[in-house]
$ cat start.txt   # compact mmCIF, N, CA and C atoms
# COMPACT_ATOMS: atom_id res chain seq x y z
N MET N 1 0.85 -1.18 0.00
CA MET N 1 0.00 0.00 0.00
C MET N 1 0.89 1.24 0.00
N LYS N 2 0.47 2.24 -0.75
CA LYS N 2 1.25 3.47 -0.83
C LYS N 2 0.78 4.49 0.21
N TYR N 3 1.77 5.19 0.77
CA TYR N 3 1.53 6.23 1.76
C TYR N 3 2.37 7.45 1.42
N LEU N 4 1.84 8.62 1.73
CA LEU N 4 2.63 9.84 1.67
C LEU N 4 3.08 10.16 3.08
N LEU N 5 4.35 10.49 3.22
CA LEU N 5 4.88 11.01 4.47
C LEU N 5 5.05 12.51 4.22
N LEU N 6 4.14 13.31 4.75
CA LEU N 6 4.12 14.76 4.54
C LEU N 6 4.92 15.43 5.65
N ILE N 7 5.95 16.16 5.26
CA ILE N 7 6.90 16.72 6.21
C ILE N 7 6.56 18.19 6.48
N TYR N 8 6.29 18.50 7.75
CA TYR N 8 5.95 19.85 8.15
C TYR N 8 7.01 20.41 9.10
N GLY N 9 7.32 21.68 8.94
CA GLY N 9 8.28 22.33 9.81
C GLY N 9 8.11 23.83 9.74
N ASN N 10 8.87 24.52 10.54
CA ASN N 10 8.82 25.98 10.61
C ASN N 10 9.82 26.54 9.60
N GLU N 11 9.32 27.14 8.52
CA GLU N 11 10.19 27.69 7.47
C GLU N 11 11.15 28.74 8.01
N ALA N 12 10.67 29.61 8.87
CA ALA N 12 11.52 30.69 9.40
C ALA N 12 12.69 30.11 10.19
N ALA N 13 12.42 29.10 10.99
CA ALA N 13 13.49 28.47 11.77
C ALA N 13 14.49 27.77 10.86
N MET N 14 13.98 27.12 9.80
CA MET N 14 14.88 26.45 8.87
C MET N 14 15.75 27.46 8.14
N ALA N 15 15.17 28.60 7.75
CA ALA N 15 15.93 29.62 7.03
C ALA N 15 16.98 30.27 7.93
N ALA N 16 16.72 30.31 9.22
CA ALA N 16 17.64 30.94 10.17
C ALA N 16 18.70 29.98 10.70
N ALA N 17 18.63 28.72 10.32
CA ALA N 17 19.58 27.72 10.82
C ALA N 17 21.00 28.06 10.37
N SER N 18 21.96 27.73 11.22
CA SER N 18 23.36 27.95 10.87
C SER N 18 23.74 27.01 9.73
N LYS N 19 24.84 27.34 9.06
CA LYS N 19 25.31 26.49 7.97
C LYS N 19 25.60 25.09 8.48
N SER N 20 26.17 24.98 9.64
CA SER N 20 26.49 23.68 10.23
C SER N 20 25.22 22.87 10.49
N ASP N 21 24.20 23.52 11.06
CA ASP N 21 22.94 22.83 11.33
C ASP N 21 22.25 22.41 10.03
N ALA N 22 22.31 23.27 9.01
CA ALA N 22 21.70 22.94 7.72
C ALA N 22 22.41 21.75 7.08
N GLU N 23 23.73 21.70 7.19
CA GLU N 23 24.49 20.58 6.63
C GLU N 23 24.17 19.28 7.37
N LYS N 24 24.01 19.36 8.69
CA LYS N 24 23.63 18.17 9.47
C LYS N 24 22.26 17.66 9.04
N ALA N 25 21.32 18.59 8.87
CA ALA N 25 19.97 18.21 8.46
C ALA N 25 19.98 17.58 7.07
N THR N 26 20.73 18.16 6.16
CA THR N 26 20.83 17.62 4.80
C THR N 26 21.41 16.21 4.85
N GLY N 27 22.45 16.02 5.63
CA GLY N 27 23.06 14.69 5.78
C GLY N 27 22.08 13.68 6.34
N ALA N 28 21.29 14.10 7.32
CA ALA N 28 20.31 13.20 7.92
C ALA N 28 19.25 12.78 6.90
N TYR N 29 18.79 13.73 6.10
CA TYR N 29 17.80 13.40 5.07
C TYR N 29 18.39 12.50 3.98
N MET N 30 19.64 12.73 3.63
CA MET N 30 20.29 11.89 2.62
C MET N 30 20.40 10.45 3.12
N ALA N 31 20.78 10.28 4.38
CA ALA N 31 20.89 8.94 4.96
C ALA N 31 19.52 8.27 5.05
N TYR N 32 18.51 9.02 5.44
CA TYR N 32 17.14 8.50 5.54
C TYR N 32 16.64 8.06 4.16
N THR N 33 16.87 8.90 3.16
CA THR N 33 16.45 8.57 1.80
C THR N 33 17.16 7.32 1.30
N GLU N 34 18.45 7.24 1.56
CA GLU N 34 19.22 6.07 1.14
C GLU N 34 18.72 4.79 1.82
N ALA N 35 18.36 4.89 3.10
CA ALA N 35 17.83 3.73 3.82
C ALA N 35 16.53 3.24 3.19
N MET N 36 15.66 4.18 2.80
CA MET N 36 14.40 3.80 2.16
C MET N 36 14.65 3.19 0.78
N GLN N 37 15.62 3.75 0.04
CA GLN N 37 15.97 3.19 -1.26
C GLN N 37 16.50 1.76 -1.11
N ASN N 38 17.40 1.58 -0.15
CA ASN N 38 17.98 0.25 0.07
C ASN N 38 16.95 -0.78 0.50
N ALA N 39 15.92 -0.33 1.22
CA ALA N 39 14.85 -1.23 1.67
C ALA N 39 13.83 -1.49 0.56
N GLY N 40 13.91 -0.73 -0.52
CA GLY N 40 12.98 -0.91 -1.64
C GLY N 40 11.59 -0.37 -1.40
N VAL N 41 11.45 0.59 -0.48
CA VAL N 41 10.11 1.13 -0.17
C VAL N 41 9.87 2.51 -0.77
N LEU N 42 10.93 3.19 -1.20
CA LEU N 42 10.79 4.55 -1.70
C LEU N 42 10.22 4.56 -3.11
N VAL N 43 9.10 5.26 -3.28
CA VAL N 43 8.50 5.45 -4.60
C VAL N 43 8.96 6.80 -5.16
N GLY N 44 9.03 7.81 -4.32
CA GLY N 44 9.47 9.13 -4.74
C GLY N 44 9.41 10.10 -3.59
N GLY N 45 9.86 11.31 -3.85
CA GLY N 45 9.82 12.34 -2.83
C GLY N 45 10.52 13.58 -3.34
N GLU N 46 10.16 14.70 -2.78
CA GLU N 46 10.75 15.97 -3.19
C GLU N 46 10.68 16.96 -2.03
N ARG N 47 11.64 17.86 -2.04
CA ARG N 47 11.61 19.01 -1.14
C ARG N 47 10.83 20.10 -1.87
N LEU N 48 10.05 20.87 -1.14
CA LEU N 48 9.25 21.94 -1.75
C LEU N 48 9.91 23.30 -1.51
N ARG N 49 9.72 24.20 -2.44
CA ARG N 49 10.19 25.57 -2.26
C ARG N 49 9.34 26.21 -1.16
N PRO N 50 9.80 27.32 -0.59
CA PRO N 50 9.06 27.97 0.51
C PRO N 50 7.64 28.39 0.10
N THR N 51 6.80 28.58 1.09
CA THR N 51 5.42 28.96 0.83
C THR N 51 5.32 30.31 0.12
N SER N 52 6.35 31.14 0.24
CA SER N 52 6.33 32.42 -0.46
C SER N 52 6.33 32.23 -1.98
N ALA N 53 6.73 31.05 -2.45
CA ALA N 53 6.73 30.76 -3.89
C ALA N 53 5.42 30.09 -4.33
N ALA N 54 4.51 29.88 -3.40
CA ALA N 54 3.26 29.17 -3.70
C ALA N 54 2.22 30.09 -4.33
N THR N 55 1.34 29.48 -5.10
CA THR N 55 0.16 30.16 -5.64
C THR N 55 -1.03 29.28 -5.28
N THR N 56 -2.07 29.88 -4.75
CA THR N 56 -3.25 29.14 -4.32
C THR N 56 -4.45 29.54 -5.16
N ILE N 57 -5.19 28.55 -5.62
CA ILE N 57 -6.43 28.77 -6.38
C ILE N 57 -7.59 28.43 -5.45
N THR N 58 -8.53 29.36 -5.31
CA THR N 58 -9.72 29.10 -4.51
C THR N 58 -10.96 29.37 -5.35
N GLY N 59 -12.05 28.78 -4.95
CA GLY N 59 -13.31 29.00 -5.65
C GLY N 59 -14.42 29.25 -4.67
N THR N 60 -15.20 30.30 -4.92
CA THR N 60 -16.35 30.63 -4.09
C THR N 60 -17.45 31.14 -5.01
N ASN N 61 -18.65 30.58 -4.84
CA ASN N 61 -19.81 31.01 -5.62
C ASN N 61 -19.53 31.03 -7.12
N GLY N 62 -18.82 30.02 -7.60
CA GLY N 62 -18.54 29.90 -9.02
C GLY N 62 -17.46 30.82 -9.55
N LYS N 63 -16.80 31.57 -8.66
CA LYS N 63 -15.72 32.47 -9.08
C LYS N 63 -14.39 31.94 -8.55
N THR N 64 -13.41 31.97 -9.41
CA THR N 64 -12.08 31.49 -9.06
C THR N 64 -11.18 32.66 -8.72
N LYS N 65 -10.39 32.50 -7.66
CA LYS N 65 -9.43 33.52 -7.27
C LYS N 65 -8.04 32.89 -7.26
N VAL N 66 -7.06 33.66 -7.66
CA VAL N 66 -5.66 33.24 -7.62
C VAL N 66 -4.97 34.10 -6.58
N LEU N 67 -4.37 33.44 -5.58
CA LEU N 67 -3.69 34.15 -4.50
C LEU N 67 -2.21 33.79 -4.53
N ASN N 68 -1.34 34.78 -4.44
CA ASN N 68 0.09 34.52 -4.36
C ASN N 68 0.47 34.25 -2.92
N GLY N 69 1.40 33.31 -2.75
CA GLY N 69 1.87 32.97 -1.41
C GLY N 69 0.94 31.99 -0.72
N PRO N 70 1.24 31.71 0.52
CA PRO N 70 0.44 30.72 1.25
C PRO N 70 -0.97 31.24 1.51
N TYR N 71 -1.91 30.34 1.50
CA TYR N 71 -3.30 30.72 1.74
C TYR N 71 -3.62 30.74 3.23
N ALA N 72 -3.10 29.76 3.96
CA ALA N 72 -3.40 29.64 5.39
C ALA N 72 -2.19 30.05 6.22
N GLU N 73 -2.43 30.75 7.29
CA GLU N 73 -1.36 31.09 8.23
C GLU N 73 -1.25 29.95 9.23
N THR N 74 -0.11 29.30 9.24
CA THR N 74 0.10 28.19 10.15
C THR N 74 1.48 28.29 10.78
N LYS N 75 1.69 27.61 11.89
CA LYS N 75 2.99 27.60 12.55
C LYS N 75 3.97 26.70 11.81
N GLU N 76 3.46 25.67 11.17
CA GLU N 76 4.30 24.75 10.40
C GLU N 76 3.83 24.74 8.96
N GLN N 77 4.79 24.63 8.05
CA GLN N 77 4.48 24.61 6.63
C GLN N 77 4.90 23.28 6.03
N LEU N 78 4.20 22.87 4.96
CA LEU N 78 4.56 21.66 4.24
C LEU N 78 5.86 21.93 3.50
N GLY N 79 6.89 21.16 3.82
CA GLY N 79 8.21 21.41 3.24
C GLY N 79 8.66 20.35 2.26
N GLY N 80 7.96 19.23 2.24
CA GLY N 80 8.34 18.16 1.33
C GLY N 80 7.57 16.89 1.63
N TYR N 81 7.89 15.84 0.90
CA TYR N 81 7.17 14.59 1.09
C TYR N 81 8.00 13.42 0.58
N TYR N 82 7.67 12.28 1.07
CA TYR N 82 8.14 11.00 0.53
C TYR N 82 6.91 10.17 0.22
N MET N 83 6.93 9.44 -0.88
CA MET N 83 5.90 8.45 -1.14
C MET N 83 6.58 7.10 -0.97
N ILE N 84 5.96 6.26 -0.15
CA ILE N 84 6.52 4.94 0.09
C ILE N 84 5.48 3.87 -0.23
N ASP N 85 5.96 2.68 -0.50
CA ASP N 85 5.08 1.54 -0.76
C ASP N 85 5.48 0.45 0.22
N VAL N 86 4.62 0.24 1.21
CA VAL N 86 4.89 -0.70 2.30
C VAL N 86 3.66 -1.58 2.52
N PRO N 87 3.81 -2.68 3.25
CA PRO N 87 2.69 -3.60 3.42
C PRO N 87 1.48 -3.05 4.18
N ASP N 88 1.73 -2.15 5.17
CA ASP N 88 0.61 -1.71 6.01
C ASP N 88 0.95 -0.42 6.74
N LEU N 89 -0.03 0.10 7.49
CA LEU N 89 0.14 1.34 8.23
C LEU N 89 1.27 1.23 9.25
N ASP N 90 1.38 0.10 9.91
CA ASP N 90 2.45 -0.04 10.90
C ASP N 90 3.82 0.17 10.27
N ALA N 91 4.04 -0.37 9.09
CA ALA N 91 5.31 -0.17 8.39
C ALA N 91 5.50 1.29 8.01
N ALA N 92 4.43 1.94 7.55
CA ALA N 92 4.50 3.36 7.20
C ALA N 92 4.84 4.21 8.43
N LEU N 93 4.23 3.90 9.55
CA LEU N 93 4.50 4.63 10.79
C LEU N 93 5.94 4.41 11.25
N SER N 94 6.43 3.22 11.06
CA SER N 94 7.82 2.92 11.41
C SER N 94 8.78 3.78 10.61
N TRP N 95 8.55 3.87 9.30
CA TRP N 95 9.41 4.72 8.46
C TRP N 95 9.24 6.18 8.84
N ALA N 96 8.02 6.63 9.07
CA ALA N 96 7.78 8.03 9.43
C ALA N 96 8.48 8.40 10.73
N SER N 97 8.51 7.49 11.68
CA SER N 97 9.13 7.78 12.97
C SER N 97 10.63 7.96 12.85
N ARG N 98 11.23 7.47 11.77
CA ARG N 98 12.68 7.61 11.56
C ARG N 98 13.03 8.86 10.75
N CYS N 99 12.03 9.57 10.26
CA CYS N 99 12.27 10.75 9.43
C CYS N 99 12.92 11.85 10.26
N PRO N 100 13.97 12.49 9.73
CA PRO N 100 14.63 13.57 10.46
C PRO N 100 13.68 14.71 10.86
N ALA N 101 12.59 14.88 10.16
CA ALA N 101 11.65 15.97 10.46
C ALA N 101 11.03 15.83 11.85
N THR N 102 10.98 14.62 12.39
CA THR N 102 10.35 14.44 13.70
C THR N 102 11.15 15.11 14.82
N ALA N 103 12.40 15.48 14.55
CA ALA N 103 13.22 16.14 15.58
C ALA N 103 12.77 17.59 15.81
N ARG N 104 12.22 18.24 14.77
CA ARG N 104 11.85 19.66 14.91
C ARG N 104 10.47 19.99 14.38
N GLY N 105 9.83 19.05 13.73
CA GLY N 105 8.52 19.31 13.14
C GLY N 105 7.65 18.09 13.27
N SER N 106 6.91 17.80 12.23
CA SER N 106 6.02 16.65 12.27
C SER N 106 5.95 15.98 10.90
N VAL N 107 5.53 14.73 10.92
CA VAL N 107 5.35 13.97 9.68
C VAL N 107 3.93 13.40 9.71
N GLU N 108 3.14 13.80 8.75
CA GLU N 108 1.78 13.27 8.62
C GLU N 108 1.85 12.06 7.70
N VAL N 109 1.27 10.97 8.13
CA VAL N 109 1.23 9.74 7.33
C VAL N 109 -0.17 9.62 6.75
N ARG N 110 -0.24 9.62 5.42
CA ARG N 110 -1.55 9.58 4.79
C ARG N 110 -1.56 8.53 3.70
N PRO N 111 -2.53 7.58 3.77
CA PRO N 111 -2.62 6.56 2.72
C PRO N 111 -3.08 7.19 1.40
N ILE N 112 -2.55 6.65 0.33
CA ILE N 112 -2.95 7.09 -1.02
C ILE N 112 -4.26 6.40 -1.38
N TRP N 113 -5.18 7.15 -1.92
CA TRP N 113 -6.44 6.61 -2.37
C TRP N 113 -6.32 6.44 -3.87
N PRO N 114 -6.15 5.20 -4.34
CA PRO N 114 -5.94 4.98 -5.77
C PRO N 114 -7.12 5.50 -6.60
N VAL N 115 -6.79 6.12 -7.72
CA VAL N 115 -7.80 6.66 -8.62
C VAL N 115 -8.41 5.55 -9.45
N THR N 116 -7.62 4.57 -9.81
CA THR N 116 -8.13 3.48 -10.65
C THR N 116 -8.52 2.28 -9.85
$ encode --input "start.txt" --output "structure tokens"
Amino acid sequence: MKYLLLIYGNEAAMAAASKSDAEKATGAYMAYTEAMQNAGVLVGGERLRPTSAATTITGTNGKTKVLNGPYAETKEQLGGYYMIDVPDLDAALSWASRCPATARGSVEVRPIWPVT
């Protein structure tokens, strides 16, 4: 079964991190990604650009609006994701608990609802 591991964190804190801390975080994510690749569970994943680069489309009463930047004000922002293919939720939770994001943010585990 496929799951998304949605990585949330504080963009401002990440941007303010020292070079040393940023390098440690990058190394941790590289090791985590490699572990998932070696286990054969990684389907894909990407880091996202900051919310300031986002564009949001909303619709109300049949009218569409285009908004630049983030739509919702939140303490944590979606910063990236991994898609994994594992046997069950317990396996997905196990992988999510090892994600470096859990040290400073959160990881939402969400099952994929197949379209076909």
$ select_by_dssp --input "start.txt" --residues "chain N" --states "helix (DSSP H, G or I)" --output "ChimeraX atom specification"
/N:11-15,19-39,51-53,89-97,100-103
$ write_last_selection --input "start.txt" --atoms "N, CA and C atoms" --output "tab-separated table (two decimals), in the coordinates of the input"
chain	number	residue	atom	x	y	z
N	11	GLU	N	9.32	27.14	8.52
N	11	GLU	CA	10.19	27.69	7.47
N	11	GLU	C	11.15	28.74	8.01
N	12	ALA	N	10.67	29.61	8.87
N	12	ALA	CA	11.52	30.69	9.40
N	12	ALA	C	12.69	30.11	10.19
N	13	ALA	N	12.42	29.10	10.99
N	13	ALA	CA	13.49	28.47	11.77
N	13	ALA	C	14.49	27.77	10.86
N	14	MET	N	13.98	27.12	9.80
N	14	MET	CA	14.88	26.45	8.87
N	14	MET	C	15.75	27.46	8.14
N	15	ALA	N	15.17	28.60	7.75
N	15	ALA	CA	15.93	29.62	7.03
N	15	ALA	C	16.98	30.27	7.93
N	19	LYS	N	24.84	27.34	9.06
N	19	LYS	CA	25.31	26.49	7.97
N	19	LYS	C	25.60	25.09	8.48
N	20	SER	N	26.17	24.98	9.64
N	20	SER	CA	26.49	23.68	10.23
N	20	SER	C	25.22	22.87	10.49
N	21	ASP	N	24.20	23.52	11.06
N	21	ASP	CA	22.94	22.83	11.33
N	21	ASP	C	22.25	22.41	10.03
N	22	ALA	N	22.31	23.27	9.01
N	22	ALA	CA	21.70	22.94	7.72
N	22	ALA	C	22.41	21.75	7.08
N	23	GLU	N	23.73	21.70	7.19
N	23	GLU	CA	24.49	20.58	6.63
N	23	GLU	C	24.17	19.28	7.37
N	24	LYS	N	24.01	19.36	8.69
N	24	LYS	CA	23.63	18.17	9.47
N	24	LYS	C	22.26	17.66	9.04
N	25	ALA	N	21.32	18.59	8.87
N	25	ALA	CA	19.97	18.21	8.46
N	25	ALA	C	19.98	17.58	7.07
N	26	THR	N	20.73	18.16	6.16
N	26	THR	CA	20.83	17.62	4.80
N	26	THR	C	21.41	16.21	4.85
N	27	GLY	N	22.45	16.02	5.63
N	27	GLY	CA	23.06	14.69	5.78
N	27	GLY	C	22.08	13.68	6.34
N	28	ALA	N	21.29	14.10	7.32
N	28	ALA	CA	20.31	13.20	7.92
N	28	ALA	C	19.25	12.78	6.90
N	29	TYR	N	18.79	13.73	6.10
N	29	TYR	CA	17.80	13.40	5.07
N	29	TYR	C	18.39	12.50	3.98
N	30	MET	N	19.64	12.73	3.63
N	30	MET	CA	20.29	11.89	2.62
N	30	MET	C	20.40	10.45	3.12
N	31	ALA	N	20.78	10.28	4.38
N	31	ALA	CA	20.89	8.94	4.96
N	31	ALA	C	19.52	8.27	5.05
N	32	TYR	N	18.51	9.02	5.44
N	32	TYR	CA	17.14	8.50	5.54
N	32	TYR	C	16.64	8.06	4.16
N	33	THR	N	16.87	8.90	3.16
N	33	THR	CA	16.45	8.57	1.80
N	33	THR	C	17.16	7.32	1.30
N	34	GLU	N	18.45	7.24	1.56
N	34	GLU	CA	19.22	6.07	1.14
N	34	GLU	C	18.72	4.79	1.82
N	35	ALA	N	18.36	4.89	3.10
N	35	ALA	CA	17.83	3.73	3.82
N	35	ALA	C	16.53	3.24	3.19
N	36	MET	N	15.66	4.18	2.80
N	36	MET	CA	14.40	3.80	2.16
N	36	MET	C	14.65	3.19	0.78
N	37	GLN	N	15.62	3.75	0.04
N	37	GLN	CA	15.97	3.19	-1.26
N	37	GLN	C	16.50	1.76	-1.11
N	38	ASN	N	17.40	1.58	-0.15
N	38	ASN	CA	17.98	0.25	0.07
N	38	ASN	C	16.95	-0.78	0.50
N	39	ALA	N	15.92	-0.33	1.22
N	39	ALA	CA	14.85	-1.23	1.67
N	39	ALA	C	13.83	-1.49	0.56
N	51	THR	N	6.80	28.58	1.09
N	51	THR	CA	5.42	28.96	0.83
N	51	THR	C	5.32	30.31	0.12
N	52	SER	N	6.35	31.14	0.24
N	52	SER	CA	6.33	32.42	-0.46
N	52	SER	C	6.33	32.23	-1.98
N	53	ALA	N	6.73	31.05	-2.45
N	53	ALA	CA	6.73	30.76	-3.89
N	53	ALA	C	5.42	30.09	-4.33
N	89	LEU	N	-0.03	0.10	7.49
N	89	LEU	CA	0.14	1.34	8.23
N	89	LEU	C	1.27	1.23	9.25
N	90	ASP	N	1.38	0.10	9.91
N	90	ASP	CA	2.45	-0.04	10.90
N	90	ASP	C	3.82	0.17	10.27
N	91	ALA	N	4.04	-0.37	9.09
N	91	ALA	CA	5.31	-0.17	8.39
N	91	ALA	C	5.50	1.29	8.01
N	92	ALA	N	4.43	1.94	7.55
N	92	ALA	CA	4.50	3.36	7.20
N	92	ALA	C	4.84	4.21	8.43
N	93	LEU	N	4.23	3.90	9.55
N	93	LEU	CA	4.50	4.63	10.79
N	93	LEU	C	5.94	4.41	11.25
N	94	SER	N	6.43	3.22	11.06
N	94	SER	CA	7.82	2.92	11.41
N	94	SER	C	8.78	3.78	10.61
N	95	TRP	N	8.55	3.87	9.30
N	95	TRP	CA	9.41	4.72	8.46
N	95	TRP	C	9.24	6.18	8.84
N	96	ALA	N	8.02	6.63	9.07
N	96	ALA	CA	7.78	8.03	9.43
N	96	ALA	C	8.48	8.40	10.73
N	97	SER	N	8.51	7.49	11.68
N	97	SER	CA	9.13	7.78	12.97
N	97	SER	C	10.63	7.96	12.85
N	100	PRO	N	13.97	12.49	9.73
N	100	PRO	CA	14.63	13.57	10.46
N	100	PRO	C	13.68	14.71	10.86
N	101	ALA	N	12.59	14.88	10.16
N	101	ALA	CA	11.65	15.97	10.46
N	101	ALA	C	11.03	15.83	11.85
N	102	THR	N	10.98	14.62	12.39
N	102	THR	CA	10.35	14.44	13.70
N	102	THR	C	11.15	15.11	14.82
N	103	ALA	N	12.40	15.48	14.55
N	103	ALA	CA	13.22	16.14	15.58
N	103	ALA	C	12.77	17.59	15.81
$ residues_around --input "start.txt" --residues "Ile57 in chain N" --least-positions-apart "5" --cutoff "7 Å" --atoms "all atoms listed in the file" --output "list in words"
Thr64, Lys65, Val66 and Leu67 of chain N
$ residues_around --input "start.txt" --residues "Gly9 in chain N" --least-positions-apart "4" --cutoff "9 Å" --atoms "only C-alpha atoms" --output "PyMOL selection string"
chain N and resi 13-14+75-79+101+104-107
$ residues_around --input "start.txt" --residues "range 80-91 of chain N" --least-positions-apart "2" --cutoff "5 Å" --atoms "only N, CA and C atoms" --output "PyMOL selection string"
chain N and resi 1-7+41-48+78+93-95
$ closest_residue --input "start.txt" --among "N:Ala53, N:Ala28, N:Thr74, N:Gly40" --to "Cys99 in chain N" --atoms "all atoms listed in the file"
N:Ala28
$ atom_distance --input "start.txt" --atom1 "atom N of Thr102 in chain N" --atom2 "atom C of Ala39 in chain N"
20.2 Å
$ atom_distance --input "start.txt" --atom1 "CA of Gly59 in chain N" --atom2 "CA of Tyr8 in chain N"
25.4 Å
$ residues_near_point --input "start.txt" --point "(2.9, 28.5, -1.9)" --cutoff "8 Å" --atoms "only N, CA and C atoms" --output "PyMOL selection string"
chain N and resi 49-56+67-71
$ atom_distance --input "start.txt" --atom1 "atom C of Met30 in chain N" --atom2 "atom C of Ala103 in chain N"
16.4 Å
$ select_by_dssp --input "start.txt" --residues "chain N" --states "strand (DSSP E)" --output "ChimeraX atom specification"
/N:2-9,42-47,55-60,63-68,77-85,106-111
$ closest_residue --input "start.txt" --among "N:Lys63, N:Glu108, N:Ala92, N:Pro100" --to "Tyr32 in chain N" --atoms "only N, CA and C atoms"
N:Pro100
$ axis_aligned_box --input "start.txt" --around "range 74-81 of chain N" --padding-each-side "6 Å" --output "JSON"
{"center_x": 4.3, "center_y": 21.4, "center_z": 6.6, "size_x": 20.8, "size_y": 27.9, "size_z": 24.0}
$ decode --input "start.txt" --residues "range 66-110 of chain N" --atoms "C-alpha atoms" --output "tab-separated table (two decimals), in the first residue's frame"
chain	number	residue	atom	x	y	z
N	66	VAL	CA	-5.66	33.24	-7.62
N	67	LEU	CA	-3.69	34.15	-4.50
N	68	ASN	CA	0.09	34.52	-4.36
N	69	GLY	CA	1.87	32.97	-1.41
N	70	PRO	CA	0.44	30.72	1.25
N	71	TYR	CA	-3.30	30.72	1.74
N	72	ALA	CA	-3.40	29.64	5.39
N	73	GLU	CA	-1.36	31.09	8.23
N	74	THR	CA	0.10	28.19	10.15
N	75	LYS	CA	2.99	27.60	12.55
N	76	GLU	CA	4.30	24.75	10.40
N	77	GLN	CA	4.48	24.61	6.63
N	78	LEU	CA	4.56	21.66	4.24
N	79	GLY	CA	8.21	21.41	3.24
N	80	GLY	CA	8.34	18.16	1.33
N	81	TYR	CA	7.17	14.59	1.09
N	82	TYR	CA	8.14	11.00	0.53
N	83	MET	CA	5.90	8.45	-1.14
N	84	ILE	CA	6.52	4.94	0.09
N	85	ASP	CA	5.08	1.54	-0.76
N	86	VAL	CA	4.89	-0.70	2.30
N	87	PRO	CA	2.69	-3.60	3.42
N	88	ASP	CA	0.61	-1.71	6.01
N	89	LEU	CA	0.14	1.34	8.23
N	90	ASP	CA	2.45	-0.04	10.90
N	91	ALA	CA	5.31	-0.17	8.39
N	92	ALA	CA	4.50	3.36	7.20
N	93	LEU	CA	4.50	4.63	10.79
N	94	SER	CA	7.82	2.92	11.41
N	95	TRP	CA	9.41	4.72	8.46
N	96	ALA	CA	7.78	8.03	9.43
N	97	SER	CA	9.13	7.78	12.97
N	98	ARG	CA	12.68	7.61	11.56
N	99	CYS	CA	12.27	10.75	9.43
N	100	PRO	CA	14.63	13.57	10.46
N	101	ALA	CA	11.65	15.97	10.46
N	102	THR	CA	10.35	14.44	13.70
N	103	ALA	CA	13.22	16.14	15.58
N	104	ARG	CA	11.85	19.66	14.91
N	105	GLY	CA	8.52	19.31	13.14
N	106	SER	CA	6.02	16.65	12.27
N	107	VAL	CA	5.35	13.97	9.68
N	108	GLU	CA	1.78	13.27	8.62
N	109	VAL	CA	1.23	9.74	7.33
N	110	ARG	CA	-1.55	9.58	4.79
